[in-house]
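*Asks:* Quick one, my_file_2.pdb (PDB, C-alpha atoms):
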```pdb
MODEL        1
ATOM      1  CA  MET A1452     -12.577 -21.284   5.880
ATOM      2  CA  CYS A1453      -9.769 -23.715   5.053
ATOM      3  CA  SER A1454      -7.630 -25.408   7.661
ATOM      4  CA  LEU A1455      -3.971 -25.162   8.471
ATOM      5  CA  THR A1456      -1.868 -27.944   9.964
ATOM      6  CA  LEU A1457       1.603 -27.596  11.420
ATOM      7  CA  ASN A1458       3.862 -30.584  11.822
ATOM      8  CA  ARG A1459       6.238 -30.857  14.742
ATOM      9  CA  THR A1460       9.174 -29.415  12.780
ATOM     10  CA  SER A1461       7.405 -26.245  11.749
ATOM     11  CA  LYS A1462       5.815 -25.764  15.173
ATOM     12  CA  GLU A1463       9.242 -25.912  16.807
ATOM     13  CA  GLN A1464      10.585 -23.448  14.270
ATOM     14  CA  ILE A1465       7.759 -21.004  14.980
ATOM     15  CA  ASP A1466       8.220 -21.446  18.738
ATOM     16  CA  SER A1467      11.910 -20.562  18.309
ATOM     17  CA  LEU A1468      10.826 -17.068  17.222
ATOM     18  CA  GLY A1469       9.618 -16.404  20.751
ATOM     19  CA  GLY A1470       7.137 -13.549  21.038
ATOM     20  CA  GLU A1471       7.304 -12.805  17.321
ATOM     21  CA  GLY A1472       6.241 -16.371  16.618
ATOM     22  CA  LYS A1473       2.645 -15.725  17.662
ATOM     23  CA  LYS A1474       2.266 -12.853  15.178
ATOM     24  CA  PHE A1475       4.000 -14.889  12.506
ATOM     25  CA  LEU A1476       1.664 -17.833  13.088
ATOM     26  CA  GLU A1477      -1.375 -15.556  12.803
ATOM     27  CA  LYS A1478      -0.173 -14.409   9.387
ATOM     28  CA  ILE A1479       0.132 -17.989   8.200
ATOM     29  CA  LYS A1480      -3.224 -18.985   9.656
ATOM     30  CA  LYS A1481      -5.124 -16.101   8.103
ATOM     31  CA  ARG A1482      -3.684 -16.891   4.694
ATOM     32  CA  ALA A1483      -5.253 -20.343   4.991
ATOM     33  CA  PHE A1484      -8.513 -19.138   6.548
ATOM     34  CA  ASP A1485      -9.231 -16.692   3.724
ATOM     35  CA  ALA A1486      -9.304 -19.500   1.169
ATOM     36  CA  LYS A1487     -12.356 -21.621   0.424
ATOM     37  CA  THR A1488     -12.867 -24.643  -1.798
ATOM     38  CA  THR A1489     -14.251 -22.332  -4.496
ATOM     39  CA  ILE A1490     -11.987 -19.340  -3.854
ATOM     40  CA  GLN A1491      -8.207 -19.450  -4.086
ATOM     41  CA  GLY A1492      -6.200 -17.743  -1.384
ATOM     42  CA  LEU A1493      -2.708 -16.324  -1.175
ATOM     43  CA  LEU A1494      -1.323 -19.812  -0.616
ATOM     44  CA  ASP A1495      -2.578 -20.794  -4.086
ATOM     45  CA  ALA A1496      -0.998 -17.840  -5.895
ATOM     46  CA  GLN A1497       1.188 -18.428  -8.918
ATOM     47  CA  ASN A1498       4.312 -17.108  -7.210
ATOM     48  CA  THR A1499       4.199 -19.886  -4.599
ATOM     49  CA  HIS A1500       5.251 -22.562  -7.087
ATOM     50  CA  LEU A1501       8.811 -23.889  -7.048
ATOM     51  CA  ARG A1502       9.974 -24.722 -10.562
ATOM     52  CA  HIS A1503      13.579 -25.614  -9.846
ATOM     53  CA  PHE A1504      13.178 -28.161  -7.090
ATOM     54  CA  PRO A1505      13.727 -31.931  -7.525
ATOM     55  CA  ASN A1506      10.766 -34.003  -8.708
ATOM     56  CA  ASP A1507       9.937 -35.417  -5.291
ATOM     57  CA  LEU A1508       9.598 -31.874  -3.937
ATOM     58  CA  ARG A1509       7.821 -30.387  -6.950
ATOM     59  CA  HIS A1510       4.440 -30.473  -5.219
ATOM     60  CA  ILE A1511       5.521 -28.243  -2.365
ATOM     61  CA  ARG A1512       5.117 -24.500  -2.364
ATOM     62  CA  LYS A1513       6.750 -21.552  -0.728
ATOM     63  CA  GLU A1514       5.231 -18.410   0.734
ATOM     64  CA  THR A1515       7.257 -15.395   1.788
ATOM     65  CA  ILE A1516       6.197 -13.807   5.066
ATOM     66  CA  GLY A1517       8.562 -11.061   6.114
ATOM     67  CA  ARG A1518      12.081 -12.392   5.824
ATOM     68  CA  HIS A1519      11.043 -15.989   6.341
ATOM     69  CA  ARG A1520      10.132 -18.622   3.786
ATOM     70  CA  VAL A1521       7.254 -20.950   4.633
ATOM     71  CA  TYR A1522       7.241 -24.319   2.873
ATOM     72  CA  TYR A1523       3.899 -26.102   2.682
ATOM     73  CA  PHE A1524       1.616 -28.271   0.573
ATOM     74  CA  GLY A1525      -2.110 -28.301  -0.040
ATOM     75  CA  HIS A1526      -4.668 -26.523  -2.203
ATOM     76  CA  ASN A1527      -7.835 -24.537  -1.674
ATOM     77  CA  THR A1528      -9.714 -27.353  -3.470
ATOM     78  CA  GLU A1529      -8.696 -29.660  -0.622
ATOM     79  CA  CYS A1530      -9.419 -26.786   1.787
ATOM     80  CA  SER A1531      -6.365 -27.846   3.738
ATOM     81  CA  TYR A1532      -2.766 -26.666   3.922
ATOM     82  CA  THR A1533       0.103 -28.221   5.830
ATOM     83  CA  VAL A1534       3.143 -26.188   6.756
ATOM     84  CA  PHE A1535       6.060 -28.554   7.274
ATOM     85  CA  TYR A1536       9.194 -26.370   7.238
ATOM     86  CA  ILE A1537      10.126 -22.737   7.723
ATOM     87  CA  LYS A1538      13.392 -21.261   6.522
ATOM     88  CA  LEU A1539      14.001 -18.608   9.140
ATOM     89  CA  ASN A1540      16.107 -15.714   7.912
ATOM     90  CA  LYS A1541      16.854 -13.640  10.951
ATOM     91  CA  ARG A1542      20.235 -11.991  11.014
ATOM     92  CA  GLY A1543      22.471 -12.332  14.031
ATOM     93  CA  ASP A1544      20.352 -14.890  15.832
ATOM     94  CA  SER A1545      22.379 -18.029  16.500
ATOM     95  CA  LYS A1546      19.263 -20.050  17.274
ATOM     96  CA  ALA A1547      17.676 -19.356  13.884
ATOM     97  CA  GLN A1548      18.962 -20.185  10.443
ATOM     98  CA  ASP A1549      21.167 -17.175   9.906
ATOM     99  CA  ASP A1550      22.649 -19.010   6.990
ATOM    100  CA  ASP A1551      22.452 -18.625   3.251
ATOM    101  CA  ASN A1552      21.115 -15.134   3.456
ATOM    102  CA  PRO A1553      24.482 -13.346   3.306
ATOM    103  CA  GLN A1554      25.719 -15.909   0.775
ATOM    104  CA  PHE A1555      22.649 -15.417  -1.354
ATOM    105  CA  GLN A1556      23.196 -11.678  -1.294
ATOM    106  CA  ASP A1557      26.698 -12.248  -2.690
ATOM    107  CA  LYS A1558      25.249 -14.424  -5.420
ATOM    108  CA  LEU A1559      22.607 -11.842  -6.177
ATOM    109  CA  ARG A1560      25.236  -9.143  -6.518
ATOM    110  CA  ALA A1561      27.335 -11.415  -8.715
ATOM    111  CA  GLY A1562      24.328 -12.235 -10.873
ATOM    112  CA  LEU A1563      23.440  -8.595 -11.330
ATOM    113  CA  ALA A1564      27.037  -7.698 -12.113
ATOM    114  CA  SER A1565      27.605 -10.448 -14.684
ATOM    115  CA  PRO A1566      28.219  -9.174 -18.241
ATOM    116  CA  ILE A1567      25.263  -8.624 -20.481
ATOM    117  CA  ALA A1568      25.078 -11.314 -23.173
ATOM    118  CA  ASP A1569      23.999  -8.909 -25.896
ATOM    119  CA  THR A1570      23.978  -5.178 -26.425
ATOM    120  CA  TYR A1571      22.201  -2.766 -28.656
ATOM    121  CA  SER A1572      22.293   0.899 -29.351
ATOM    122  CA  GLU A1573      19.982   3.450 -30.809
ATOM    123  CA  PRO A1574      20.527   4.141 -34.490
ATOM    124  CA  THR A1575      22.162   7.418 -35.381
ATOM    125  CA  GLU A1576      20.290  10.082 -37.301
ATOM    126  CA  GLU A1577      22.165   9.048 -40.443
ATOM    127  CA  GLN A1578      21.004   5.481 -40.103
ATOM    128  CA  ILE A1579      17.431   6.581 -39.516
TER     129      ILE A1579
ATOM    130  CA  MET B1243      29.579 -21.848 -37.258
ATOM    131  CA  SER B1244      28.262 -18.827 -35.321
ATOM    132  CA  GLN B1245      28.973 -15.264 -36.253
ATOM    133  CA  THR B1246      28.736 -12.008 -34.350
ATOM    134  CA  VAL B1247      26.328  -9.413 -35.648
ATOM    135  CA  ARG B1248      27.604  -5.934 -34.974
ATOM    136  CA  ILE B1249      26.024  -2.519 -35.070
ATOM    137  CA  THR B1250      28.346   0.335 -35.991
ATOM    138  CA  THR B1251      27.875   3.987 -35.187
ATOM    139  CA  PRO B1252      30.293   6.762 -36.065
ATOM    140  CA  SER B1253      31.840   6.508 -32.605
ATOM    141  CA  SER B1254      31.759   2.813 -31.789
ATOM    142  CA  THR B1255      31.089  -0.723 -32.843
ATOM    143  CA  ARG B1256      29.028  -2.936 -30.568
ATOM    144  CA  ASN B1257      28.135  -6.565 -30.674
ATOM    145  CA  LEU B1258      24.436  -6.963 -31.269
ATOM    146  CA  ALA B1259      24.134 -10.728 -31.116
ATOM    147  CA  THR B1260      25.911 -13.954 -31.784
ATOM    148  CA  VAL B1261      23.907 -16.025 -34.215
ATOM    149  CA  SER B1262      24.176 -19.161 -36.220
ATOM    150  CA  PRO B1263      23.349 -18.131 -39.793
ATOM    151  CA  SER B1264      22.035 -21.528 -40.775
ATOM    152  CA  SER B1265      19.308 -21.286 -38.133
ATOM    153  CA  TYR B1266      18.546 -17.549 -38.352
ATOM    154  CA  THR B1267      14.933 -17.577 -39.421
ATOM    155  CA  PRO B1268      12.271 -14.842 -39.376
ATOM    156  CA  GLN B1269      11.157 -16.372 -36.075
ATOM    157  CA  ASP B1270      14.638 -15.733 -34.696
ATOM    158  CA  VAL B1271      14.371 -12.097 -35.793
ATOM    159  CA  LEU B1272      10.989 -11.784 -34.113
ATOM    160  CA  ARG B1273      12.273 -13.355 -30.942
ATOM    161  CA  GLU B1274      15.240 -10.984 -30.897
ATOM    162  CA  LEU B1275      12.998  -7.949 -31.453
ATOM    163  CA  ASN B1276      10.571  -9.062 -28.744
ATOM    164  CA  SER B1277      13.518  -9.375 -26.390
ATOM    165  CA  TYR B1278      14.590  -5.807 -27.185
ATOM    166  CA  GLN B1279      11.013  -4.575 -26.742
ATOM    167  CA  THR B1280      10.843  -6.186 -23.292
ATOM    168  CA  LYS B1281      14.143  -4.536 -22.363
ATOM    169  CA  LEU B1282      12.884  -1.148 -23.575
ATOM    170  CA  ASN B1283       9.661  -1.513 -21.571
ATOM    171  CA  ASN B1284      11.669  -2.459 -18.526
ATOM    172  CA  ILE B1285      14.027   0.481 -18.934
ATOM    173  CA  SER B1286      11.082   2.822 -19.282
ATOM    174  CA  PHE B1287       9.723   1.570 -15.956
ATOM    175  CA  VAL B1288      13.113   1.842 -14.260
ATOM    176  CA  LYS B1289      13.352   5.421 -15.533
ATOM    177  CA  THR B1290      10.051   6.143 -13.768
ATOM    178  CA  LEU B1291      11.461   4.681 -10.560
ATOM    179  CA  VAL B1292      14.505   6.951 -10.841
ATOM    180  CA  GLU B1293      12.183   9.941 -11.131
ATOM    181  CA  LEU B1294      10.228   8.736  -8.099
ATOM    182  CA  SER B1295      13.455   8.424  -6.163
ATOM    183  CA  MET B1296      14.431  11.981  -7.066
ATOM    184  CA  ALA B1297      11.009  13.230  -5.980
ATOM    185  CA  THR B1298      11.333  11.516  -2.573
ATOM    186  CA  GLY B1299      14.753  12.777  -1.598
ATOM    187  CA  GLY B1300      16.967  10.409  -3.547
ATOM    188  CA  TYR B1301      17.399   7.968  -0.659
ATOM    189  CA  VAL B1302      16.364   4.986  -2.739
ATOM    190  CA  GLN B1303      19.064   4.596  -5.328
ATOM    191  CA  LEU B1304      18.936   2.799  -8.655
ATOM    192  CA  ARG B1305      22.561   2.339  -9.496
ATOM    193  CA  PRO B1306      23.780   0.954 -12.819
ATOM    194  CA  GLU B1307      26.256  -1.372 -11.078
ATOM    195  CA  TYR B1308      23.284  -3.129  -9.451
ATOM    196  CA  TYR B1309      21.317  -2.905 -12.699
ATOM    197  CA  HIS B1310      19.012  -0.400 -11.112
ATOM    198  CA  LEU B1311      17.648  -2.724  -8.443
ATOM    199  CA  PRO B1312      16.283  -0.196  -5.909
ATOM    200  CA  ALA B1313      18.453  -0.022  -2.811
ATOM    201  CA  LEU B1314      19.419   2.080   0.162
ATOM    202  CA  ILE B1315      23.161   2.460   0.536
ATOM    203  CA  GLY B1316      24.415   1.875   4.084
ATOM    204  CA  ASN B1317      27.235   3.770   5.755
ATOM    205  CA  ASP B1318      29.440   0.813   4.815
ATOM    206  CA  SER B1319      28.662   1.568   1.154
ATOM    207  CA  GLN B1320      26.864  -1.752   0.850
ATOM    208  CA  PRO B1321      23.385  -1.897  -0.644
ATOM    209  CA  VAL B1322      20.330  -2.868   1.372
ATOM    210  CA  TYR B1323      17.851  -3.728  -1.343
ATOM    211  CA  LEU B1324      14.453  -2.135  -1.093
ATOM    212  CA  TYR B1325      12.661  -5.478  -1.246
ATOM    213  CA  GLU B1326      14.551  -6.506   1.904
ATOM    214  CA  ILE B1327      13.193  -3.417   3.665
ATOM    215  CA  VAL B1328       9.681  -4.328   2.512
ATOM    216  CA  GLU B1329      10.174  -7.809   3.978
ATOM    217  CA  LEU B1330      11.026  -6.255   7.341
ATOM    218  CA  ILE B1331       8.018  -3.949   7.137
ATOM    219  CA  ASP B1332       5.862  -7.010   6.393
ATOM    220  CA  GLU B1333       7.291  -8.738   9.447
ATOM    221  CA  PHE B1334       6.823  -5.828  11.832
ATOM    222  CA  ILE B1335       3.488  -4.346  10.814
ATOM    223  CA  ASP B1336       0.306  -5.259  12.578
ATOM    224  CA  TYR B1337      -2.187  -6.312   9.919
ATOM    225  CA  ASP B1338      -5.032  -6.162  12.463
ATOM    226  CA  ARG B1339      -4.442  -2.442  12.954
ATOM    227  CA  ILE B1340      -4.578  -1.886   9.207
ATOM    228  CA  GLN B1341      -7.853  -3.803   9.087
ATOM    229  CA  GLU B1342      -9.192  -1.607  11.900
ATOM    230  CA  GLU B1343      -8.457   1.436   9.739
ATOM    231  CA  TYR B1344      -9.887  -0.176   6.614
ATOM    232  CA  PRO B1345     -12.483  -2.689   7.807
ATOM    233  CA  THR B1346     -13.700  -3.321   4.254
ATOM    234  CA  LEU B1347     -10.381  -4.981   3.389
ATOM    235  CA  SER B1348      -9.639  -8.630   4.029
ATOM    236  CA  PHE B1349      -6.411  -9.915   5.516
ATOM    237  CA  SER B1350      -5.487 -11.427   2.158
ATOM    238  CA  GLN B1351      -5.931  -8.099   0.395
ATOM    239  CA  ILE B1352      -3.560  -6.397   2.821
ATOM    240  CA  ALA B1353      -1.025  -9.235   2.637
ATOM    241  CA  GLY B1354      -1.382  -9.243  -1.152
ATOM    242  CA  ALA B1355      -0.695  -5.509  -1.245
ATOM    243  CA  VAL B1356       2.534  -5.954   0.715
ATOM    244  CA  SER B1357       3.506  -8.839  -1.556
ATOM    245  CA  PHE B1358       2.876  -6.573  -4.568
ATOM    246  CA  LEU B1359       5.092  -3.835  -3.092
ATOM    247  CA  ARG B1360       7.816  -6.390  -2.480
ATOM    248  CA  LYS B1361       7.708  -7.662  -6.074
ATOM    249  CA  ALA B1362       7.585  -4.122  -7.434
ATOM    250  CA  SER B1363      10.698  -3.239  -5.448
ATOM    251  CA  GLN B1364      12.519  -6.093  -7.196
ATOM    252  CA  ILE B1365      12.220  -4.465 -10.633
ATOM    253  CA  ASN B1366      15.650  -4.147 -12.255
ATOM    254  CA  SER B1367      16.938  -3.280 -15.698
ATOM    255  CA  ARG B1368      18.172  -6.831 -16.282
ATOM    256  CA  ASN B1369      14.646  -8.162 -15.801
ATOM    257  CA  ILE B1370      15.963 -10.739 -13.336
ATOM    258  CA  ASP B1371      13.276 -12.381 -11.234
ATOM    259  CA  ILE B1372      14.936 -12.224  -7.817
ATOM    260  CA  ASP B1373      12.612 -14.810  -6.260
ATOM    261  CA  GLU B1374      13.179 -17.192  -9.163
ATOM    262  CA  MET B1375      16.896 -16.736  -8.644
ATOM    263  CA  GLU B1376      16.520 -17.457  -4.932
ATOM    264  CA  ASP B1377      14.511 -20.617  -5.646
ATOM    265  CA  ALA B1378      17.034 -21.837  -8.213
ATOM    266  CA  ASP B1379      19.782 -21.202  -5.668
ATOM    267  CA  ASN B1380      17.852 -23.029  -2.940
ATOM    268  CA  ALA B1381      17.287 -25.983  -5.249
ATOM    269  CA  LYS B1382      21.078 -26.462  -5.343
ATOM    270  CA  ASN B1383      21.393 -26.150  -1.566
ATOM    271  CA  THR B1384      21.815 -29.803  -0.571
ATOM    272  CA  GLU B1385      21.429 -28.987   3.115
ATOM    273  CA  LEU B1386      18.108 -27.258   2.591
ATOM    274  CA  ILE B1387      16.802 -29.977   0.274
ATOM    275  CA  ALA B1388      17.746 -32.648   2.819
ATOM    276  CA  ALA B1389      16.061 -30.644   5.607
ATOM    277  CA  LEU B1390      12.897 -30.302   3.508
ATOM    278  CA  ARG B1391      12.800 -34.040   2.824
ATOM    279  CA  THR B1392      13.284 -34.822   6.513
ATOM    280  CA  ALA B1393      10.559 -32.328   7.463
ATOM    281  CA  LEU B1394       8.177 -33.789   4.866
ATOM    282  CA  ALA B1395       8.647 -37.175   6.478
ATOM    283  CA  ASP B1396       7.572 -35.652   9.800
ATOM    284  CA  THR B1397       3.879 -36.319   9.295
ATOM    285  CA  GLU B1398       2.830 -36.005  12.925
ATOM    286  CA  ALA B1399       0.370 -33.108  13.163
ATOM    287  CA  ALA B1400       1.388 -30.854  16.037
ATOM    288  CA  CYS B1401      -1.430 -28.310  15.607
ATOM    289  CA  VAL B1402      -4.507 -27.977  13.453
ATOM    290  CA  PHE B1403      -6.283 -24.651  12.937
ATOM    291  CA  PRO B1404      -8.977 -23.579  13.334
ATOM    292  CA  ASP B1405      -9.113 -25.337  16.639
ATOM    293  CA  THR B1406     -12.332 -27.316  16.524
ATOM    294  CA  GLU B1407     -12.097 -28.685  20.063
TER     295      GLU B1407
ENDMDL
END
```
Would you give me this structure, written as structure tokens?
*Replies:*
Amino acid sequence: MCSLTLNRTSKEQIDSLGGEGKKFLEKIKKRAFDAKTTIQGLLDAQNTHLRHFPNDLRHIRKETIGRHRVYYFGHNTECSYTVFYIKLNKRGDSKAQDDDNPQFQDKLRAGLASPIADTYSEPTEEQI
Amino acid sequence: MSQTVRITTPSSTRNLATVSPSSYTPQDVLRELNSYQTKLNNISFVKTLVELSMATGGYVQLRPEYYHLPALIGNDSQPVYLYEIVELIDEFIDYDRIQEEYPTLSFSQIAGAVSFLRKASQINSRNIDIDEMEDADNAKNTELIAALRTALADTEAACVFPDTE
């Protein structure tokens, strides 16, 4: 069983979730506990890597739990993970970071709606 | 100088690609064809999702204007993407109760299954990786980056689990 450490920042963020925070914390803990030095866990999965971040933050990873994004570092080989920041994405809660989420949705819609760079069509019977 | 390669049918002319003839090698052709093959595979999968939607009442919609990203359409005509619903389900479900029903499964297997469903619900006909897009967006968010750096500097351990005391 690997260990999980919370710094003060992430602990405060989890506490701000109130009653839901306890369940949320359990989900983070169990992700760490299921890993061993010889067995990777969910926190070591490929989709936790952040390719676009600046060099000094390239070693950190991100796990999605519900709507929230958990930022951490550590590996199963070290058998230790440290969660240092949580981007809370609850709508309509002034105490949480109800922030980029609506803006990101606009960007997502814009990205999906942007023109296709190339097109193709099926050949006609004559061309076949 | 680049030129546009067009494909002409009896009813229309469409732009196929914009290429630079001096650099158009067999490798370029292969790369172009592989790109089309990926798009065809993706479209085939999206078609399956459309059929699934029809079989389950048509509530989940795969609209062309959203490049077939599965969504529920609210009464304000705005999409609520299916992956967002899966995130809420992930937040609200009690994993312990699932483990009680299936005691042979580990927590990670259950969490991994939900993660799989979330990724699967992000399939779209433009083959956009939604999470990659979110991360690229976050990387440009100076406020978030500054908050992460500040948090990283907060090295005081508030809690360590499992509690060995």
*Asks:* Can you translate the PyMOL selection byres ((chain B and resi 1360) around 12) into the concrete residues it hits in this file, as a ChimeraX atom specification?
*Replies:* /A:1515-1518 /B:1312,1323-1332,1353-1359,1361-1365,1371-1373
*Asks:* Find the residues near range 1465-1472 of chain A: any atom within 9 Å, counting all atoms listed in the file, skip ones fewer than 2 places away on the same chain, and give them as a VMD selection string.
*Replies:* (chain A and resid 1460 to 1463 1474 to 1477 1537 1539 1546 to 1547) or (chain B and resid 1333 to 1334)
*Asks:* The centre and edge lengths of an axis-aligned box containing all atoms of range 1382-1388 of chain B present in the file, extended by 3 Å on each side, are to be given in Å to one decimal, as lines of an AutoDock Vina configuration file.
*Replies:*
```
center_x = 19.3
center_y = -29.4
center_z = -1.1
size_x = 11.0
size_y = 12.5
size_z = 14.5
```
*Asks:* Kindly indicate which residue among A:Arg1520, A:Ile1511, A:Phe1535, A:Gly1525 lies nearest to chain B, using only C-alpha atoms for the distances.
*Replies:* A:Phe1535
*Asks:* Apply the PyMOL selection byres ((chain A and resi 1501) around 12) to the displayed file and report the matching residues as a PyMOL selection string.
*Replies:* (chain A and resi 1496-1500+1502-1514+1522-1524) or (chain B and resi 1373-1381)
*Asks:* Evaluate the PyMOL selection byres ((chain B and resi 1338) around 12) and record the selected residues as a list in words, following the chain and residue labels used in the document.
*Replies:*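 Evaluating the PyMOL selection byres ((chain B and resi 1338) around 12) on these coordinates yields Lys1474, Glu1477, Lys1478 and Lys1481 of chain A; Phe1334, Ile1335, Asp1336, Tyr1337, Arg1339, Ile1340, Gln1341, Glu1342, Glu1343, Tyr1344, Pro1345, Leu1347, Ser1348, Phe1349, Ser1350, Ile1352 and Ala1353 of chain B.
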*Asks:* Find the distance between CA of Asn1284 in chain B and CA of Tyr1309 in chain B and write it in Å to one decimal.
*Replies:*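 These atoms are spaced 11.3 Å apart.
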*Asks:* Could you work out how far CA of Thr1489 in chain A lies from CA of Ala1393 in chain B, giving the answer in Å with one decimal?
*Replies:*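 Between these atoms lies a distance of 29.3 Å.
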*Asks:* Report the distance between CA of Asn1366 in chain B and CA of Val1271 in chain B in Å, rounded to one decimal place.
*Replies:* 24.9 Å
*Asks:* The residues within 12 Å of (14.1, 3.6, -14.3), using all atoms listed in the file and the coordinates of the file, should be reported as number ranges by chain; which are they?
*Replies:* B: 1281-1296, 1302-1306, 1309-1312, 1363, 1365-1369
*Asks:* Mind checking which residues fall within 12 Å of Asp1396 in chain B, counting all atoms listed in the file, ignoring those fewer than 3 positions away in the same chain, and posting them as a ChimeraX atom specification?
*Replies:* /A:1457-1462,1533-1536 /B:1389-1393,1399-1400
*Asks:* A:Val1521, A:Leu1455, A:Cys1530, A:Ala1486: which is nearest chain B, counting only C-alpha atoms?
*Replies:*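 Once distances to chain B are computed over only C-alpha atoms, the minimum belongs to A:Leu1455.
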